[in-house]
$ cat entry27.pdb   # PDB, C-alpha atoms, pLDDT in the B column
ATOM      1  CA  MET U  39     -20.007 -18.802  -3.651  1.00 80.00           C
ATOM      2  CA  ASN U  40     -20.328 -15.021  -3.703  1.00 95.00           C
ATOM      3  CA  VAL U  41     -19.648 -13.861  -7.250  1.00 96.00           C
ATOM      4  CA  GLU U  42     -19.162 -10.231  -6.189  1.00 97.00           C
ATOM      5  CA  HIS U  43     -16.283 -11.339  -3.961  1.00 97.00           C
ATOM      6  CA  LEU U  44     -14.771 -13.382  -6.807  1.00 97.00           C
ATOM      7  CA  VAL U  45     -15.039 -10.379  -9.126  1.00 98.00           C
ATOM      8  CA  THR U  46     -13.303  -8.162  -6.565  1.00 98.00           C
ATOM      9  CA  MET U  47     -10.486 -10.661  -6.051  1.00 98.00           C
ATOM     10  CA  ALA U  48     -10.039 -11.269  -9.779  1.00 98.00           C
ATOM     11  CA  ASN U  49      -9.974  -7.540 -10.517  1.00 98.00           C
ATOM     12  CA  GLN U  50      -7.321  -7.030  -7.808  1.00 98.00           C
ATOM     13  CA  ILE U  51      -5.215  -9.772  -9.389  1.00 98.00           C
ATOM     14  CA  GLY U  52      -5.789  -8.102 -12.743  1.00 98.00           C
ATOM     15  CA  ALA U  53      -4.692  -4.703 -11.453  1.00 98.00           C
ATOM     16  CA  PHE U  54      -1.409  -6.189 -10.286  1.00 98.00           C
ATOM     17  CA  PHE U  55      -0.652  -7.925 -13.573  1.00 98.00           C
ATOM     18  CA  ARG U  56      -1.701  -4.912 -15.667  1.00 97.00           C
ATOM     19  CA  SER U  57       0.926  -2.870 -13.817  1.00 96.00           C
ATOM     20  CA  GLN U  58       3.632  -5.375 -14.778  1.00 93.00           C
ATOM     21  CA  GLY U  59       3.680  -5.193 -18.567  1.00 92.00           C
ATOM     22  CA  THR U  60       1.742  -5.309 -21.796  1.00 97.00           C
ATOM     23  CA  HIS U  61      -1.912  -6.269 -22.138  1.00 97.00           C
ATOM     24  CA  GLU U  62      -0.978  -9.735 -23.394  1.00 97.00           C
ATOM     25  CA  GLU U  63       1.467 -10.273 -20.514  1.00 97.00           C
ATOM     26  CA  ALA U  64      -1.213  -9.147 -18.062  1.00 98.00           C
ATOM     27  CA  VAL U  65      -3.849 -11.505 -19.462  1.00 98.00           C
ATOM     28  CA  ALA U  66      -1.368 -14.402 -19.442  1.00 97.00           C
ATOM     29  CA  GLY U  67      -0.338 -13.599 -15.858  1.00 98.00           C
ATOM     30  CA  ILE U  68      -3.943 -13.346 -14.679  1.00 98.00           C
ATOM     31  CA  ALA U  69      -4.840 -16.639 -16.347  1.00 98.00           C
ATOM     32  CA  ASP U  70      -1.781 -18.365 -14.888  1.00 97.00           C
ATOM     33  CA  HIS U  71      -2.521 -17.070 -11.389  1.00 98.00           C
ATOM     34  CA  LEU U  72      -6.173 -18.112 -11.527  1.00 98.00           C
ATOM     35  CA  ARG U  73      -5.266 -21.545 -12.896  1.00 97.00           C
ATOM     36  CA  ARG U  74      -2.652 -22.147 -10.209  1.00 97.00           C
ATOM     37  CA  PHE U  75      -4.394 -20.755  -7.148  1.00 97.00           C
ATOM     38  CA  TRP U  76      -8.179 -20.799  -7.629  1.00 97.00           C
ATOM     39  CA  GLU U  77     -10.302 -23.855  -6.938  1.00 96.00           C
ATOM     40  CA  PRO U  78     -12.182 -25.294  -9.934  1.00 95.00           C
ATOM     41  CA  ARG U  79     -15.540 -24.229  -8.456  1.00 95.00           C
ATOM     42  CA  MET U  80     -14.277 -20.641  -8.199  1.00 96.00           C
ATOM     43  CA  LEU U  81     -13.169 -20.698 -11.843  1.00 96.00           C
ATOM     44  CA  ARG U  82     -16.495 -22.191 -12.903  1.00 95.00           C
ATOM     45  CA  ALA U  83     -18.435 -19.539 -10.992  1.00 96.00           C
ATOM     46  CA  ILE U  84     -16.521 -16.618 -12.476  1.00 97.00           C
ATOM     47  CA  GLY U  85     -16.648 -18.325 -15.884  1.00 97.00           C
ATOM     48  CA  LEU U  86     -20.435 -18.451 -15.663  1.00 96.00           C
ATOM     49  CA  HIS U  87     -20.504 -14.808 -14.581  1.00 97.00           C
ATOM     50  CA  VAL U  88     -18.280 -13.732 -17.504  1.00 97.00           C
ATOM     51  CA  ALA U  89     -20.374 -15.798 -19.928  1.00 96.00           C
ATOM     52  CA  ALA U  90     -23.484 -14.010 -18.625  1.00 96.00           C
ATOM     53  CA  GLY U  91     -21.987 -10.603 -19.403  1.00 96.00           C
ATOM     54  CA  GLY U  92     -19.384 -10.278 -16.670  1.00 97.00           C
ATOM     55  CA  GLU U  93     -20.793  -7.257 -14.853  1.00 97.00           C
ATOM     56  CA  GLY U  94     -17.976  -5.556 -12.937  1.00 98.00           C
ATOM     57  CA  VAL U  95     -15.200  -7.719 -14.410  1.00 98.00           C
ATOM     58  CA  HIS U  96     -12.314  -5.792 -15.986  1.00 98.00           C
ATOM     59  CA  GLU U  97     -11.807  -6.720 -19.645  1.00 98.00           C
ATOM     60  CA  SER U  98      -8.320  -8.186 -19.098  1.00 98.00           C
ATOM     61  CA  VAL U  99      -9.708 -10.432 -16.354  1.00 98.00           C
ATOM     62  CA  ALA U 100     -12.634 -11.494 -18.545  1.00 98.00           C
ATOM     63  CA  GLU U 101     -10.222 -12.355 -21.350  1.00 97.00           C
ATOM     64  CA  ALA U 102      -8.105 -14.448 -18.965  1.00 98.00           C
ATOM     65  CA  VAL U 103     -11.188 -16.241 -17.638  1.00 98.00           C
ATOM     66  CA  ARG U 104     -12.380 -17.015 -21.181  1.00 96.00           C
ATOM     67  CA  ARG U 105      -8.971 -18.599 -21.871  1.00 95.00           C
ATOM     68  CA  LEU U 106      -9.277 -20.820 -18.803  1.00 94.00           C
ATOM     69  CA  VAL U 107     -12.946 -21.784 -18.788  1.00 89.00           C
ATOM     70  CA  PRO U 108     -14.009 -23.477 -22.027  1.00 79.00           C
ATOM     71  CA  ALA U 109     -17.161 -22.081 -23.572  1.00 66.00           C
ATOM     72  CA  SER U 110     -18.664 -25.573 -23.453  1.00 59.00           C
ATOM     73  CA  ALA U 111     -18.325 -25.564 -19.648  1.00 65.00           C
ATOM     74  CA  THR U 112     -20.307 -22.348 -19.338  1.00 63.00           C
ATOM     75  CA  ASN U 113     -22.812 -23.006 -22.131  1.00 63.00           C
ATOM     76  CA  SER U 114     -23.735 -26.506 -20.962  1.00 53.00           C
ATOM     77  CA  ALA U 115     -24.823 -25.440 -17.475  1.00 51.00           C
ATOM     78  CA  ALA U 116     -28.548 -25.204 -16.951  1.00 43.00           C
ATOM     79  CA  PRO U 117     -29.720 -21.735 -15.883  1.00 41.00           C
ATOM     80  CA  SER U 118     -30.599 -23.001 -12.401  1.00 37.00           C
ATOM     81  CA  ASP U 119     -27.093 -24.477 -12.078  1.00 44.00           C
ATOM     82  CA  ALA U 120     -25.571 -21.103 -12.900  1.00 43.00           C
ATOM     83  CA  ARG U 121     -27.727 -19.287 -10.351  1.00 41.00           C
ATOM     84  CA  ASN U 122     -26.880 -21.781  -7.632  1.00 45.00           C
ATOM     85  CA  GLU U 123     -23.192 -21.589  -8.435  1.00 47.00           C
ATOM     86  CA  ILE U 124     -22.972 -17.834  -7.995  1.00 43.00           C
ATOM     87  CA  ARG U 125     -25.628 -17.106  -5.378  1.00 44.00           C
ATOM     88  CA  SER U 126     -24.172 -16.937  -1.906  1.00 42.00           C
ATOM     89  CA  ASP U 127     -27.541 -17.589  -0.249  1.00 44.00           C
ATOM     90  CA  ALA U 128     -28.559 -20.671  -2.248  1.00 44.00           C
ATOM     91  CA  PRO U 129     -28.459 -23.975  -0.378  1.00 44.00           C
ATOM     92  CA  LYS U 130     -26.328 -26.576  -2.093  1.00 44.00           C
ATOM     93  CA  GLY U 131     -28.384 -28.337  -4.766  1.00 46.00           C
ATOM     94  CA  ALA U 132     -31.384 -26.014  -4.437  1.00 43.00           C
ATOM     95  CA  ALA U 133     -33.071 -24.718  -7.569  1.00 42.00           C
ATOM     96  CA  GLY U 134     -33.194 -20.933  -8.153  1.00 38.00           C
TER      97      GLY U 134
END

$ encode --input "entry27.pdb" --output "C-alpha cells"
Amino acid sequence: MNVEHLVTMANQIGAFFRSQGTHEEAVAGIADHLRRFWEPRMLRAIGLHVAAGGEGVHESVAEAVRRLVPASATNSAAPSDARNEIRSDAPKGAAG
C-alpha cells in the first residue's frame, strides 16, 4: 500500500468536502466517504500515517481519519507492522 497515494486521494476527497460547507460538515463528509468507500486496510494504513504525524495530510482529513480509526488500532501496531502496512515495496509479512 503506497501511503503517498492514499494521502493524495484523501486530500482530494477533503478538498471536495471543504468546498461544500463548514469545517464540521467537511470533516463529517470526509469521514463518511472514507468509511463507505475505502477498504479497511486503506483506512488502517492512513490511520497509522496520521498517528505517526500525518505528513502531507490536510488537517480536516486527519481529523476525519482520527474519528474513523480508533487510537487503540494505531497504537497497538508494532513498528514493523506499521512500516509494512505503508511501504509499497515491502513484501507481505516481511519485517522492515

$ residues_around --input "entry27.pdb" --residues "Leu72 of chain U" --least-positions-apart "4" --cutoff "10 Å" --atoms "only C-alpha atoms" --output "ChimeraX atom specification"
/U:48,51,66-68,76-78,80-81,99,102-103,106

$ atom_distance --input "entry27.pdb" --atom1 "atom CA of Glu62 of chain U" --atom2 "atom CA of Asn49 of chain U"
15.9 Å

$ atom_distance --input "entry27.pdb" --atom1 "atom CA of Gly59 of chain U" --atom2 "atom CA of Glu97 of chain U"
15.6 Å

$ atom_distance --input "entry27.pdb" --atom1 "atom CA of Phe55 of chain U" --atom2 "atom CA of Ser98 of chain U"
9.5 Å

$ closest_residue --input "entry27.pdb" --among "U:Ala89, U:Arg74, U:Gln58, U:Ala69" --to "Arg105 of chain U" --atoms "only C-alpha atoms"
U:Ala69

$ residues_around --input "entry27.pdb" --residues "Gly94 of chain U" --least-positions-apart "2" --cutoff "9 Å" --atoms "only C-alpha atoms" --output "PyMOL selection string"
chain U and resi 42+45-46+49+92+96

$ decode --input "entry27.pdb" --residues "segment 71-106 of chain U" --atoms "N, CA, C and O atoms" --output "short mmCIF file (atom, residue, chain, number, x, y, z; two decimals), in the first residue's frame"
data_model
loop_
_atom_site.label_atom_id
_atom_site.label_comp_id
_atom_site.auth_asym_id
_atom_site.auth_seq_id
_atom_site.Cartn_x
_atom_site.Cartn_y
_atom_site.Cartn_z
N HIS U 71 -17.33 9.41 3.67
CA HIS U 71 -16.85 8.90 2.38
C HIS U 71 -15.79 7.81 2.59
O HIS U 71 -15.87 6.75 1.97
N LEU U 72 -14.83 8.08 3.46
CA LEU U 72 -13.78 7.09 3.71
C LEU U 72 -14.37 5.80 4.29
O LEU U 72 -14.01 4.70 3.89
N ARG U 73 -15.29 5.94 5.21
CA ARG U 73 -15.92 4.77 5.84
C ARG U 73 -16.68 3.94 4.81
O ARG U 73 -16.62 2.71 4.82
N ARG U 74 -17.37 4.60 3.90
CA ARG U 74 -18.21 3.89 2.94
C ARG U 74 -17.44 3.29 1.77
O ARG U 74 -17.83 2.25 1.24
N PHE U 75 -16.35 3.94 1.35
CA PHE U 75 -15.72 3.55 0.10
C PHE U 75 -14.29 3.03 0.20
O PHE U 75 -13.78 2.48 -0.77
N TRP U 76 -13.63 3.20 1.33
CA TRP U 76 -12.25 2.72 1.46
C TRP U 76 -12.25 1.36 2.14
O TRP U 76 -13.01 1.11 3.08
N GLU U 77 -11.34 0.51 1.68
CA GLU U 77 -11.16 -0.80 2.30
C GLU U 77 -10.55 -0.62 3.70
O GLU U 77 -9.81 0.34 3.93
N PRO U 78 -10.83 -1.55 4.61
CA PRO U 78 -10.26 -1.44 5.96
C PRO U 78 -8.74 -1.31 5.96
O PRO U 78 -8.19 -0.56 6.77
N ARG U 79 -8.04 -2.00 5.07
CA ARG U 79 -6.57 -1.90 5.07
C ARG U 79 -6.12 -0.51 4.63
O ARG U 79 -5.08 -0.02 5.08
N MET U 80 -6.90 0.15 3.79
CA MET U 80 -6.56 1.52 3.39
C MET U 80 -6.75 2.47 4.59
O MET U 80 -5.90 3.33 4.85
N LEU U 81 -7.86 2.29 5.31
CA LEU U 81 -8.10 3.12 6.49
C LEU U 81 -7.03 2.89 7.55
O LEU U 81 -6.55 3.84 8.17
N ARG U 82 -6.65 1.63 7.74
CA ARG U 82 -5.61 1.34 8.73
C ARG U 82 -4.29 1.99 8.33
O ARG U 82 -3.60 2.59 9.16
N ALA U 83 -3.94 1.91 7.06
CA ALA U 83 -2.68 2.49 6.60
C ALA U 83 -2.66 4.00 6.78
O ALA U 83 -1.68 4.56 7.28
N ILE U 84 -3.74 4.68 6.41
CA ILE U 84 -3.73 6.14 6.58
C ILE U 84 -3.85 6.49 8.05
O ILE U 84 -3.30 7.49 8.51
N GLY U 85 -4.54 5.64 8.83
CA GLY U 85 -4.61 5.86 10.28
C GLY U 85 -3.24 5.78 10.92
O GLY U 85 -2.89 6.61 11.77
N LEU U 86 -2.44 4.81 10.51
CA LEU U 86 -1.07 4.70 11.02
C LEU U 86 -0.24 5.91 10.61
O LEU U 86 0.55 6.43 11.39
N HIS U 87 -0.43 6.36 9.38
CA HIS U 87 0.31 7.52 8.89
C HIS U 87 -0.06 8.77 9.69
O HIS U 87 0.82 9.53 10.12
N VAL U 88 -1.35 8.98 9.92
CA VAL U 88 -1.81 10.14 10.70
C VAL U 88 -1.28 10.05 12.13
O VAL U 88 -0.80 11.03 12.69
N ALA U 89 -1.33 8.86 12.71
CA ALA U 89 -0.83 8.67 14.08
C ALA U 89 0.66 8.95 14.18
O ALA U 89 1.16 9.37 15.23
N ALA U 90 1.38 8.75 13.08
CA ALA U 90 2.83 8.99 13.06
C ALA U 90 3.17 10.43 12.69
O ALA U 90 4.32 10.74 12.45
N GLY U 91 2.19 11.29 12.64
CA GLY U 91 2.43 12.70 12.33
C GLY U 91 1.68 13.19 11.11
O GLY U 91 1.49 14.38 10.94
N GLY U 92 1.30 12.28 10.24
CA GLY U 92 0.45 12.63 9.10
C GLY U 92 1.06 13.57 8.09
O GLY U 92 0.37 14.45 7.57
N GLU U 93 2.34 13.39 7.78
CA GLU U 93 2.99 14.28 6.81
C GLU U 93 2.19 14.35 5.51
O GLU U 93 1.85 13.33 4.92
N GLY U 94 1.86 15.57 5.10
CA GLY U 94 1.15 15.80 3.84
C GLY U 94 -0.36 15.71 3.93
O GLY U 94 -1.05 16.02 2.96
N VAL U 95 -0.89 15.28 5.07
CA VAL U 95 -2.34 15.13 5.22
C VAL U 95 -2.93 16.46 5.70
O VAL U 95 -2.49 17.02 6.70
N HIS U 96 -3.95 16.94 4.96
CA HIS U 96 -4.63 18.18 5.37
C HIS U 96 -5.31 17.95 6.72
O HIS U 96 -5.78 16.84 7.01
N GLU U 97 -5.36 18.98 7.53
CA GLU U 97 -5.89 18.85 8.90
C GLU U 97 -7.32 18.31 8.93
O GLU U 97 -7.66 17.50 9.78
N SER U 98 -8.18 18.73 8.02
CA SER U 98 -9.56 18.22 8.03
C SER U 98 -9.60 16.73 7.72
O SER U 98 -10.42 16.00 8.28
N VAL U 99 -8.71 16.27 6.87
CA VAL U 99 -8.62 14.84 6.55
C VAL U 99 -8.10 14.08 7.77
O VAL U 99 -8.63 13.03 8.14
N ALA U 100 -7.07 14.61 8.40
CA ALA U 100 -6.51 13.97 9.60
C ALA U 100 -7.57 13.85 10.69
O ALA U 100 -7.69 12.81 11.35
N GLU U 101 -8.36 14.89 10.86
CA GLU U 101 -9.42 14.86 11.87
C GLU U 101 -10.45 13.78 11.54
O GLU U 101 -10.89 13.04 12.41
N ALA U 102 -10.82 13.68 10.27
CA ALA U 102 -11.77 12.65 9.84
C ALA U 102 -11.19 11.25 10.07
O ALA U 102 -11.89 10.35 10.56
N VAL U 103 -9.93 11.07 9.74
CA VAL U 103 -9.28 9.76 9.92
C VAL U 103 -9.25 9.40 11.40
O VAL U 103 -9.53 8.26 11.79
N ARG U 104 -8.92 10.37 12.26
CA ARG U 104 -8.88 10.10 13.71
C ARG U 104 -10.26 9.70 14.23
O ARG U 104 -10.37 8.91 15.17
N ARG U 105 -11.33 10.21 13.62
CA ARG U 105 -12.68 9.81 14.03
C ARG U 105 -12.97 8.36 13.63
O ARG U 105 -13.72 7.67 14.32
N LEU U 106 -12.41 7.94 12.52
CA LEU U 106 -12.71 6.60 11.99
C LEU U 106 -11.82 5.51 12.55
O LEU U 106 -12.25 4.38 12.73
#
